file protein30.cif (mmCIF, C-alpha atoms and all ligand atoms)
data_start
#
loop_
_atom_site.label_atom_id
_atom_site.label_comp_id
_atom_site.auth_asym_id
_atom_site.auth_seq_id
_atom_site.Cartn_x
_atom_site.Cartn_y
_atom_site.Cartn_z
CA MET A 1 122.60 102.53 77.80
CA ARG A 2 124.74 100.81 80.41
CA ASP A 3 123.14 100.81 83.82
CA VAL A 4 124.45 103.87 85.70
CA ALA A 5 124.39 102.22 89.09
CA ALA A 6 126.19 99.13 87.80
CA ALA A 7 128.87 101.26 86.17
CA ALA A 8 129.26 103.28 89.35
CA ALA A 9 129.64 100.14 91.45
CA SER A 10 132.18 98.61 89.09
CA THR A 11 135.72 98.45 90.43
CA ASP A 12 137.01 96.85 87.25
CA PRO A 13 136.45 99.26 84.39
CA ARG A 14 137.00 98.03 80.87
CA VAL A 15 140.31 98.86 79.28
CA LEU A 16 139.24 101.06 76.41
CA PRO A 17 141.25 103.01 73.85
CA ARG A 18 142.28 106.52 74.83
CA ASN A 19 139.45 109.05 74.52
CA ASP A 20 136.86 106.32 73.92
CA PRO A 21 133.54 107.94 75.00
CA ARG A 22 132.47 104.67 76.64
CA GLN A 23 134.88 105.57 79.45
CA TYR A 24 132.28 108.09 80.61
CA ASP A 25 129.78 105.26 81.05
CA ASP A 26 132.28 103.27 83.11
CA LEU A 27 132.97 106.39 85.22
CA ALA A 28 129.32 107.48 85.48
CA GLY A 29 129.33 107.20 89.26
CA GLU A 30 132.27 109.60 89.53
CA TRP A 31 130.77 112.77 88.03
CA TRP A 32 129.20 114.25 91.14
CA ARG A 33 131.76 112.99 93.67
CA PRO A 34 133.64 116.21 94.51
CA ASP A 35 136.82 114.24 95.23
CA GLY A 36 136.23 111.57 92.61
CA ALA A 37 137.85 110.91 89.25
CA PHE A 38 136.33 114.08 87.80
CA ALA A 39 137.29 116.34 90.73
CA MET A 40 139.21 118.74 88.52
CA LEU A 41 136.20 119.20 86.26
CA HIS A 42 134.37 120.67 89.27
CA TRP A 43 137.15 123.20 89.82
CA LEU A 44 137.23 124.08 86.12
CA ALA A 45 133.45 124.44 85.93
CA GLU A 46 133.54 127.04 88.69
CA ALA A 47 136.30 128.96 86.88
CA ARG A 48 134.43 128.78 83.56
CA ALA A 49 131.17 129.97 85.10
CA ALA A 50 133.02 133.01 86.46
CA LEU A 51 133.45 134.09 82.80
CA VAL A 52 129.68 134.11 82.29
CA PRO A 53 127.91 137.33 83.27
CA PRO A 54 124.29 137.37 84.46
CA ALA A 55 121.78 137.15 81.61
CA THR A 56 120.75 140.49 80.14
CA ARG A 57 117.30 139.45 78.93
CA PRO A 58 114.49 137.19 80.08
CA GLY A 59 114.61 133.75 78.49
CA ALA A 60 118.34 133.88 77.82
CA VAL A 61 119.83 130.52 76.80
CA LEU A 62 123.21 129.02 77.63
CA VAL A 63 124.13 126.01 75.50
CA ASP A 64 126.66 123.78 77.26
CA LEU A 65 128.39 121.69 74.60
CA GLY A 66 129.81 118.44 75.96
CA CYS A 67 127.99 119.18 79.21
CA GLY A 68 128.75 115.79 80.76
CA ALA A 69 126.73 115.39 83.95
CA GLY A 70 126.03 119.13 84.19
CA LEU A 71 128.79 120.19 86.58
CA LEU A 72 128.39 123.78 85.38
CA ALA A 73 124.79 123.93 86.62
CA PRO A 74 125.35 124.88 90.29
CA HIS A 75 127.67 127.72 89.25
CA LEU A 76 125.03 129.25 86.98
CA THR A 77 122.38 129.41 89.68
CA GLY A 78 120.89 132.88 89.86
CA LYS A 79 122.46 134.05 86.58
CA GLY A 80 119.16 133.77 84.73
CA TYR A 81 119.91 131.31 81.93
CA HIS A 82 118.00 128.35 80.60
CA HIS A 83 120.81 125.80 80.69
CA ILE A 84 120.71 123.43 77.72
CA GLY A 85 123.26 120.63 77.72
CA VAL A 86 124.40 118.70 74.64
CA ASP A 87 126.46 115.54 74.98
CA LEU A 88 127.05 112.19 73.31
CA THR A 89 126.94 110.24 76.56
CA ARG A 90 123.49 109.27 77.73
CA SER A 91 124.53 108.15 81.23
CA ALA A 92 126.00 111.64 81.81
CA LEU A 93 122.93 113.39 80.41
CA VAL A 94 120.66 111.48 82.81
CA GLN A 95 122.61 113.04 85.68
CA ALA A 96 122.70 116.49 84.06
CA ALA A 97 118.90 116.39 83.82
CA GLU A 98 118.72 115.55 87.53
CA HIS A 99 120.63 118.80 88.14
CA GLY A 100 118.18 120.95 86.19
CA VAL A 101 119.84 120.91 82.77
CA ARG A 102 117.59 120.54 79.73
CA VAL A 103 119.44 117.81 77.88
CA VAL A 104 119.87 117.01 74.21
CA GLN A 105 121.78 113.92 73.14
CA GLY A 106 123.91 114.87 70.18
CA ASP A 107 127.30 115.43 68.68
CA ALA A 108 129.01 118.78 69.19
CA THR A 109 130.04 118.65 65.53
CA ALA A 110 126.40 118.56 64.37
CA VAL A 111 124.28 120.07 67.12
CA PRO A 112 120.53 119.54 66.74
CA LEU A 113 119.69 123.13 67.79
CA PRO A 114 118.86 126.17 65.64
CA SER A 115 121.40 128.80 64.61
CA GLY A 116 121.51 131.90 66.80
CA CYS A 117 119.59 130.27 69.66
CA ALA A 118 122.22 130.91 72.35
CA ASP A 119 123.19 133.98 74.36
CA VAL A 120 126.14 131.97 75.68
CA VAL A 121 127.85 128.82 74.41
CA SER A 122 130.13 126.98 76.79
CA ALA A 123 132.55 124.28 75.64
CA GLY A 124 134.34 123.16 78.78
CA GLU A 125 136.96 120.44 78.46
CA LEU A 126 135.33 119.31 75.24
CA LEU A 127 137.41 120.27 72.22
CA GLU A 128 140.38 118.09 73.21
CA HIS A 129 138.03 115.10 72.99
CA VAL A 130 136.68 115.84 69.51
CA PRO A 131 138.74 114.58 66.57
CA ALA A 132 137.18 117.21 64.27
CA TRP A 133 137.38 120.06 66.79
CA PRO A 134 137.15 122.83 64.14
CA ARG A 135 133.72 121.45 63.29
CA ALA A 136 132.67 121.78 66.96
CA VAL A 137 133.99 125.36 66.99
CA ALA A 138 131.96 126.14 63.86
CA GLU A 139 128.88 124.73 65.57
CA ALA A 140 129.51 126.70 68.78
CA CYS A 141 129.75 129.92 66.75
CA ARG A 142 126.69 129.03 64.65
CA LEU A 143 124.59 128.60 67.80
CA LEU A 144 125.54 132.05 69.13
CA ARG A 145 123.29 134.99 68.46
CA PRO A 146 125.11 138.17 67.36
CA GLY A 147 126.67 139.63 70.49
CA GLY A 148 126.56 136.21 72.16
CA LEU A 149 129.44 134.96 74.28
CA LEU A 150 131.64 131.89 73.77
CA VAL A 151 133.49 130.52 76.80
CA LEU A 152 135.69 127.46 76.73
CA ASP A 153 138.65 125.72 78.24
CA THR A 154 140.85 123.06 76.73
CA LEU A 155 144.37 121.61 76.56
CA ASN A 156 147.02 123.00 74.25
CA ASP A 157 148.78 120.93 71.61
CA THR A 158 152.24 121.19 73.17
CA ALA A 159 154.84 118.79 74.54
CA LEU A 160 154.37 120.41 77.97
CA ALA A 161 150.62 119.74 77.92
CA ARG A 162 151.23 116.11 76.98
CA LEU A 163 153.68 115.79 79.86
CA VAL A 164 151.54 117.55 82.47
CA ALA A 165 148.02 116.49 81.45
CA VAL A 166 148.76 112.91 80.44
CA ARG A 167 152.01 111.59 81.89
CA ILE A 168 151.73 113.38 85.23
CA ALA A 169 148.04 114.14 85.82
CA GLU A 170 146.89 110.65 84.84
CA ARG A 171 149.05 109.25 87.66
CA LEU A 172 147.27 111.51 90.14
CA PRO A 173 143.67 111.22 91.29
CA THR A 174 142.78 114.38 89.32
CA VAL A 175 142.43 112.93 85.81
CA PRO A 176 141.17 109.44 84.86
CA ARG A 177 143.80 107.31 83.16
CA GLY A 178 143.28 107.13 79.39
CA ILE A 179 140.61 109.83 79.25
CA HIS A 180 142.73 111.99 76.92
CA ASP A 181 144.26 111.24 73.57
CA PRO A 182 147.11 113.76 73.40
CA ARG A 183 146.95 113.69 69.61
CA LEU A 184 143.68 115.61 69.88
CA PHE A 185 144.98 118.51 71.98
CA VAL A 186 144.04 121.89 70.56
CA ASP A 187 146.63 124.31 69.23
CA ALA A 188 145.77 127.66 70.82
CA GLN A 189 146.55 129.81 67.80
CA ALA A 190 144.66 127.48 65.46
CA LEU A 191 141.67 127.75 67.79
CA VAL A 192 141.81 131.56 67.77
CA ALA A 193 142.02 131.51 63.95
CA GLU A 194 139.10 129.09 63.67
CA CYS A 195 136.93 131.24 65.94
CA ALA A 196 137.85 134.36 63.94
CA ARG A 197 136.72 132.58 60.77
CA HIS A 198 133.32 132.23 62.40
CA GLY A 199 133.03 135.78 63.69
CA VAL A 200 134.28 135.31 67.25
CA ASP A 201 137.32 137.23 68.48
CA LEU A 202 138.57 134.73 71.07
CA ARG A 203 140.87 135.96 73.82
CA LEU A 204 142.91 133.36 75.70
CA ARG A 205 144.47 133.09 79.10
CA GLY A 206 146.38 130.26 80.71
CA ILE A 207 144.92 128.66 83.81
CA ARG A 208 146.10 126.10 86.36
CA PRO A 209 145.13 124.82 89.79
CA GLN A 210 146.65 126.92 92.57
CA VAL A 211 149.71 124.86 93.53
CA GLY A 212 149.50 125.04 97.34
CA GLY A 213 145.80 124.23 97.25
CA LEU A 214 146.40 121.32 94.89
CA LEU A 215 149.16 119.81 97.02
CA ALA A 216 147.07 120.21 100.18
CA TRP A 217 144.08 118.62 98.45
CA LEU A 218 146.17 115.68 97.17
CA LEU A 219 147.54 115.13 100.66
CA ARG A 220 144.12 115.32 102.29
CA ARG A 221 142.71 113.01 99.64
CA ALA A 222 145.48 110.45 100.17
CA ARG A 223 144.77 110.48 103.91
CA ALA A 224 140.98 110.52 103.61
CA THR A 225 139.20 107.32 104.51
CA GLY A 226 136.04 105.98 102.93
CA ALA A 227 133.59 108.67 101.93
CA ALA A 228 135.27 111.40 103.96
CA PRO A 229 135.69 114.45 101.71
CA ALA A 230 139.17 115.80 101.03
CA GLY A 231 138.11 119.27 102.09
CA ARG A 232 138.32 122.60 100.35
CA PRO A 233 139.10 122.17 96.64
CA PRO A 234 141.99 124.00 94.96
CA ARG A 235 141.13 127.18 93.10
CA ILE A 236 141.80 127.55 89.39
CA VAL A 237 143.93 130.64 88.87
CA PRO A 238 145.21 132.51 85.80
CA THR A 239 148.75 131.85 84.69
CA ARG A 240 150.93 133.63 82.14
CA SER A 241 151.41 130.65 79.86
CA THR A 242 148.72 129.02 77.72
CA ALA A 243 151.07 126.08 77.06
CA VAL A 244 149.04 123.54 79.05
CA LEU A 245 145.50 124.48 80.03
CA TYR A 246 143.76 127.60 78.81
CA GLN A 247 140.45 129.40 78.83
CA GLY A 248 138.96 131.29 75.89
CA ARG A 249 136.33 134.01 75.91
CA GLY A 250 134.96 135.85 72.88
CA VAL A 251 131.89 137.65 71.59
CA ARG A 252 130.28 136.90 68.26
CA LYS A 253 130.23 139.92 65.95
CA GLY A 254 126.83 141.50 65.42
C1 LIG A 301 135.93 115.89 79.98
S1 LIG A 301 134.22 115.77 79.84
C2 LIG A 301 133.72 117.44 80.19
C3 LIG A 301 132.29 117.52 80.64
C4 LIG A 301 131.82 118.90 81.09
N1 LIG A 301 131.97 119.89 80.07
C5 LIG A 301 132.54 119.31 82.34
O1 LIG A 301 133.45 120.13 82.25
O2 LIG A 301 132.20 118.79 83.41
C6 LIG A 301 133.99 115.65 78.10
C7 LIG A 301 132.55 115.44 77.71
O3 LIG A 301 132.43 115.63 76.30
C8 LIG A 301 131.58 114.66 75.79
N2 LIG A 301 131.89 114.51 74.36
C9 LIG A 301 133.02 114.02 73.81
N3 LIG A 301 132.96 114.12 72.46
C10 LIG A 301 131.76 114.70 72.17
C11 LIG A 301 131.11 115.08 70.98
N4 LIG A 301 131.69 114.89 69.77
N5 LIG A 301 129.92 115.66 71.06
C12 LIG A 301 129.30 115.86 72.26
N6 LIG A 301 129.86 115.52 73.43
C13 LIG A 301 131.09 114.95 73.39
C14 LIG A 301 131.81 113.43 76.63
O4 LIG A 301 130.72 112.54 76.56
C15 LIG A 301 131.99 114.06 78.00
O5 LIG A 301 130.78 114.16 78.68
#
call {"tool": "encode", "arguments": {"input": "protein30.cif", "output": "structure tokens"}}
result
Amino acid sequence: MRDVAAAAASTDPRVLPRNDPRQYDDLAGEWWRPDGAFAMLHWLAEARAALVPPATRPGAVLVDLGCGAGLLAPHLTGKGYHHIGVDLTRSALVQAAEHGVRVVQGDATAVPLPSGCADVVSAGELLEHVPAWPRAVAEACRLLRPGGLLVLDTLNDTALARLVAVRIAERLPTVPRGIHDPRLFVDAQALVAECARHGVDLRLRGIRPQVGGLLAWLLRRARATGAAPAGRPPRIVPTRSTAVLYQGRGVRKG
């Protein structure tokens, strides 16, 4: 494992291929900075957690696939789940554990957890990083108990998503440059079909940052000096189109 502190202090990250998971080691110091390179993941985590109802039984388990540094954790507080996080990246898992997540290092396409162990599976901003994303979907559905809930968000496989999420967003301080490989973006209808094959009727809705809030945040961030925070973060709001960023929510058949 690369030293987390050293990676955080580095101002000269390696130039790695798009979507190379080692980028998360180089950016390890950014995860929990609310206005850092992963700022938008904080906003999305809050929106994703809003899809998760309070647990309906003692001992309920939420498996967070591709949990990163556990940004979902604060938004689950009080909902009654044991939060288990699975990720490839050890430097991220170290931080997730510090935020109360029980961590498992593993691949979302072959998760080392038993079938039916989860009341909720979350896959936030994961599938667009997994070359064999249908395999990760199969695993997410396998982990769910009958009646369990799948929540996810990802980027659509469209020209508009490639323009907005790569060409534009990577020039802004909201998305690290090179973190996405647009060839891996996830066709929304293919995702729905894949979930259906595994017993989950996935419903989609488009989401985006609230525009005024985003512009105000970008302005404040540009003006902010040193460690001064950029203030209130933009909210993630529903939008009619799923063409760029979308959430999915579905229950596994009993
Ligand atoms: C964009 S981050 C999202 C992290 C977290 N879900 C969040 O929203 O804050 C993508 C994460 O997926 C992880 N990842 C990528 N491919 C993976 C795989 N095949 N299996 C498990 N984790 C993976 C990366 O290490 C990274 O932590």
call {"tool": "residues_near_ligand", "arguments": {"input": "protein30.cif", "ligand": "ligand LIG 301 (chain A)", "cutoff": "7 Å", "atoms": "only C-alpha atoms and all ligand atoms", "output": "PyMOL selection string"}}
result
chain A and resi 21+24+41-42+44-45+65-72+86-89+92+106-109+123-126+129-130
call {"tool": "residues_around", "arguments": {"input": "protein30.cif", "residues": "Leu62 of chain A", "least_positions_apart": "5", "cutoff": "10 Å", "atoms": "only C-alpha atoms", "output": "PyMOL selection string"}}
result
chain A and resi 52+55+76+80-85+117-122+143-144+148-150
call {"tool": "write_last_selection", "arguments": {"input": "protein30.cif", "atoms": "C-alpha atoms", "output": "mmCIF file, keeping the file's coordinate frame"}}
result
data_model
loop_
_atom_site.group_PDB
_atom_site.id
_atom_site.type_symbol
_atom_site.label_atom_id
_atom_site.label_comp_id
_atom_site.auth_asym_id
_atom_site.auth_seq_id
_atom_site.Cartn_x
_atom_site.Cartn_y
_atom_site.Cartn_z
ATOM 1 C CA VAL A 52 129.680 134.110 82.290
ATOM 2 C CA ALA A 55 121.780 137.150 81.610
ATOM 3 C CA LEU A 76 125.030 129.250 86.980
ATOM 4 C CA GLY A 80 119.160 133.770 84.730
ATOM 5 C CA TYR A 81 119.910 131.310 81.930
ATOM 6 C CA HIS A 82 118.000 128.350 80.600
ATOM 7 C CA HIS A 83 120.810 125.800 80.690
ATOM 8 C CA ILE A 84 120.710 123.430 77.720
ATOM 9 C CA GLY A 85 123.260 120.630 77.720
ATOM 10 C CA CYS A 117 119.590 130.270 69.660
ATOM 11 C CA ALA A 118 122.220 130.910 72.350
ATOM 12 C CA ASP A 119 123.190 133.980 74.360
ATOM 13 C CA VAL A 120 126.140 131.970 75.680
ATOM 14 C CA VAL A 121 127.850 128.820 74.410
ATOM 15 C CA SER A 122 130.130 126.980 76.790
ATOM 16 C CA LEU A 143 124.590 128.600 67.800
ATOM 17 C CA LEU A 144 125.540 132.050 69.130
ATOM 18 C CA GLY A 148 126.560 136.210 72.160
ATOM 19 C CA LEU A 149 129.440 134.960 74.280
ATOM 20 C CA LEU A 150 131.640 131.890 73.770
#
call {"tool": "closest_residue", "arguments": {"input": "protein30.cif", "among": "A:Pro173, A:Gly78, A:Pro234, A:Gly199", "to": "Gly213 of chain A", "atoms": "all atoms listed in the file"}}
result
A:Pro234
call {"tool": "atom_distance", "arguments": {"input": "protein30.cif", "atom1": "atom CA of Arg203 of chain A", "atom2": "atom CA of Trp133 of chain A"}}
result
17.7 Å
call {"tool": "residues_near_point", "arguments": {"input": "protein30.cif", "point": "(142.9, 109.1, 73.0)", "cutoff": "6 Å", "atoms": "all atoms listed in the file", "output": "PyMOL selection string"}}
result
chain A and resi 18-19+180-181
call {"tool": "closest_residue", "arguments": {"input": "protein30.cif", "among": "A:Lys79, A:Arg102, A:Glu194, A:Thr239", "to": "Pro58 of chain A", "atoms": "only C-alpha atoms"}}
result
A:Lys79
call {"tool": "decode", "arguments": {"input": "protein30.cif", "residues": "segment 61-72 of chain A", "atoms": "all heavy atoms", "output": "compact mmCIF listing (two decimals), in the first residue's frame"}}
result
# COMPACT_ATOMS: atom_id res chain seq x y z
N VAL A 61 -28.18 -5.28 7.34
CA VAL A 61 -26.85 -5.06 6.73
C VAL A 61 -27.00 -4.26 5.44
O VAL A 61 -27.86 -4.57 4.61
CB VAL A 61 -26.18 -6.43 6.44
CG1 VAL A 61 -24.97 -6.26 5.53
CG2 VAL A 61 -25.79 -7.12 7.73
N LEU A 62 -26.17 -3.25 5.30
CA LEU A 62 -26.06 -2.53 4.03
C LEU A 62 -24.66 -2.79 3.48
O LEU A 62 -23.67 -2.49 4.16
CB LEU A 62 -26.29 -1.03 4.23
CG LEU A 62 -26.21 -0.17 2.95
CD1 LEU A 62 -27.17 1.02 3.05
CD2 LEU A 62 -24.80 0.33 2.66
N VAL A 63 -24.60 -3.38 2.30
CA VAL A 63 -23.30 -3.61 1.65
C VAL A 63 -23.07 -2.49 0.64
O VAL A 63 -23.89 -2.27 -0.25
CB VAL A 63 -23.24 -4.99 0.97
CG1 VAL A 63 -21.92 -5.14 0.20
CG2 VAL A 63 -23.37 -6.11 1.99
N ASP A 64 -21.97 -1.81 0.80
CA ASP A 64 -21.63 -0.62 0.00
C ASP A 64 -20.52 -1.03 -0.96
O ASP A 64 -19.34 -1.06 -0.60
CB ASP A 64 -21.16 0.45 1.00
CG ASP A 64 -20.94 1.81 0.38
OD1 ASP A 64 -21.06 1.94 -0.84
OD2 ASP A 64 -20.65 2.74 1.16
N LEU A 65 -20.91 -1.39 -2.19
CA LEU A 65 -19.93 -1.86 -3.16
C LEU A 65 -19.16 -0.67 -3.75
O LEU A 65 -19.77 0.31 -4.17
CB LEU A 65 -20.63 -2.61 -4.29
CG LEU A 65 -21.31 -3.93 -3.92
CD1 LEU A 65 -21.97 -4.56 -5.16
CD2 LEU A 65 -20.32 -4.91 -3.30
N GLY A 66 -17.84 -0.79 -3.79
CA GLY A 66 -17.03 0.34 -4.25
C GLY A 66 -17.20 1.50 -3.30
O GLY A 66 -17.43 2.64 -3.70
N CYS A 67 -17.06 1.21 -2.00
CA CYS A 67 -17.39 2.19 -0.94
C CYS A 67 -16.41 3.34 -0.88
O CYS A 67 -16.69 4.35 -0.23
CB CYS A 67 -17.43 1.49 0.42
SG CYS A 67 -15.81 0.85 0.94
N GLY A 68 -15.23 3.20 -1.53
CA GLY A 68 -14.22 4.24 -1.41
C GLY A 68 -13.88 4.45 0.06
O GLY A 68 -13.72 3.50 0.83
N ALA A 69 -13.81 5.72 0.46
CA ALA A 69 -13.42 6.05 1.84
C ALA A 69 -14.63 6.13 2.77
O ALA A 69 -14.53 6.68 3.87
CB ALA A 69 -12.64 7.34 1.86
N GLY A 70 -15.78 5.62 2.32
CA GLY A 70 -16.94 5.53 3.21
C GLY A 70 -17.76 6.81 3.30
O GLY A 70 -18.38 7.07 4.33
N LEU A 71 -17.83 7.56 2.20
CA LEU A 71 -18.54 8.85 2.25
C LEU A 71 -20.03 8.70 2.54
O LEU A 71 -20.70 9.65 2.96
CB LEU A 71 -18.35 9.62 0.94
CG LEU A 71 -16.91 9.92 0.51
CD1 LEU A 71 -16.90 10.84 -0.71
CD2 LEU A 71 -16.10 10.53 1.64
N LEU A 72 -20.55 7.48 2.33
CA LEU A 72 -21.97 7.25 2.62
C LEU A 72 -22.24 7.19 4.13
O LEU A 72 -23.37 7.45 4.57
CB LEU A 72 -22.38 5.91 1.96
CG LEU A 72 -23.84 5.57 1.79
CD1 LEU A 72 -24.56 6.62 0.95
CD2 LEU A 72 -23.99 4.18 1.15
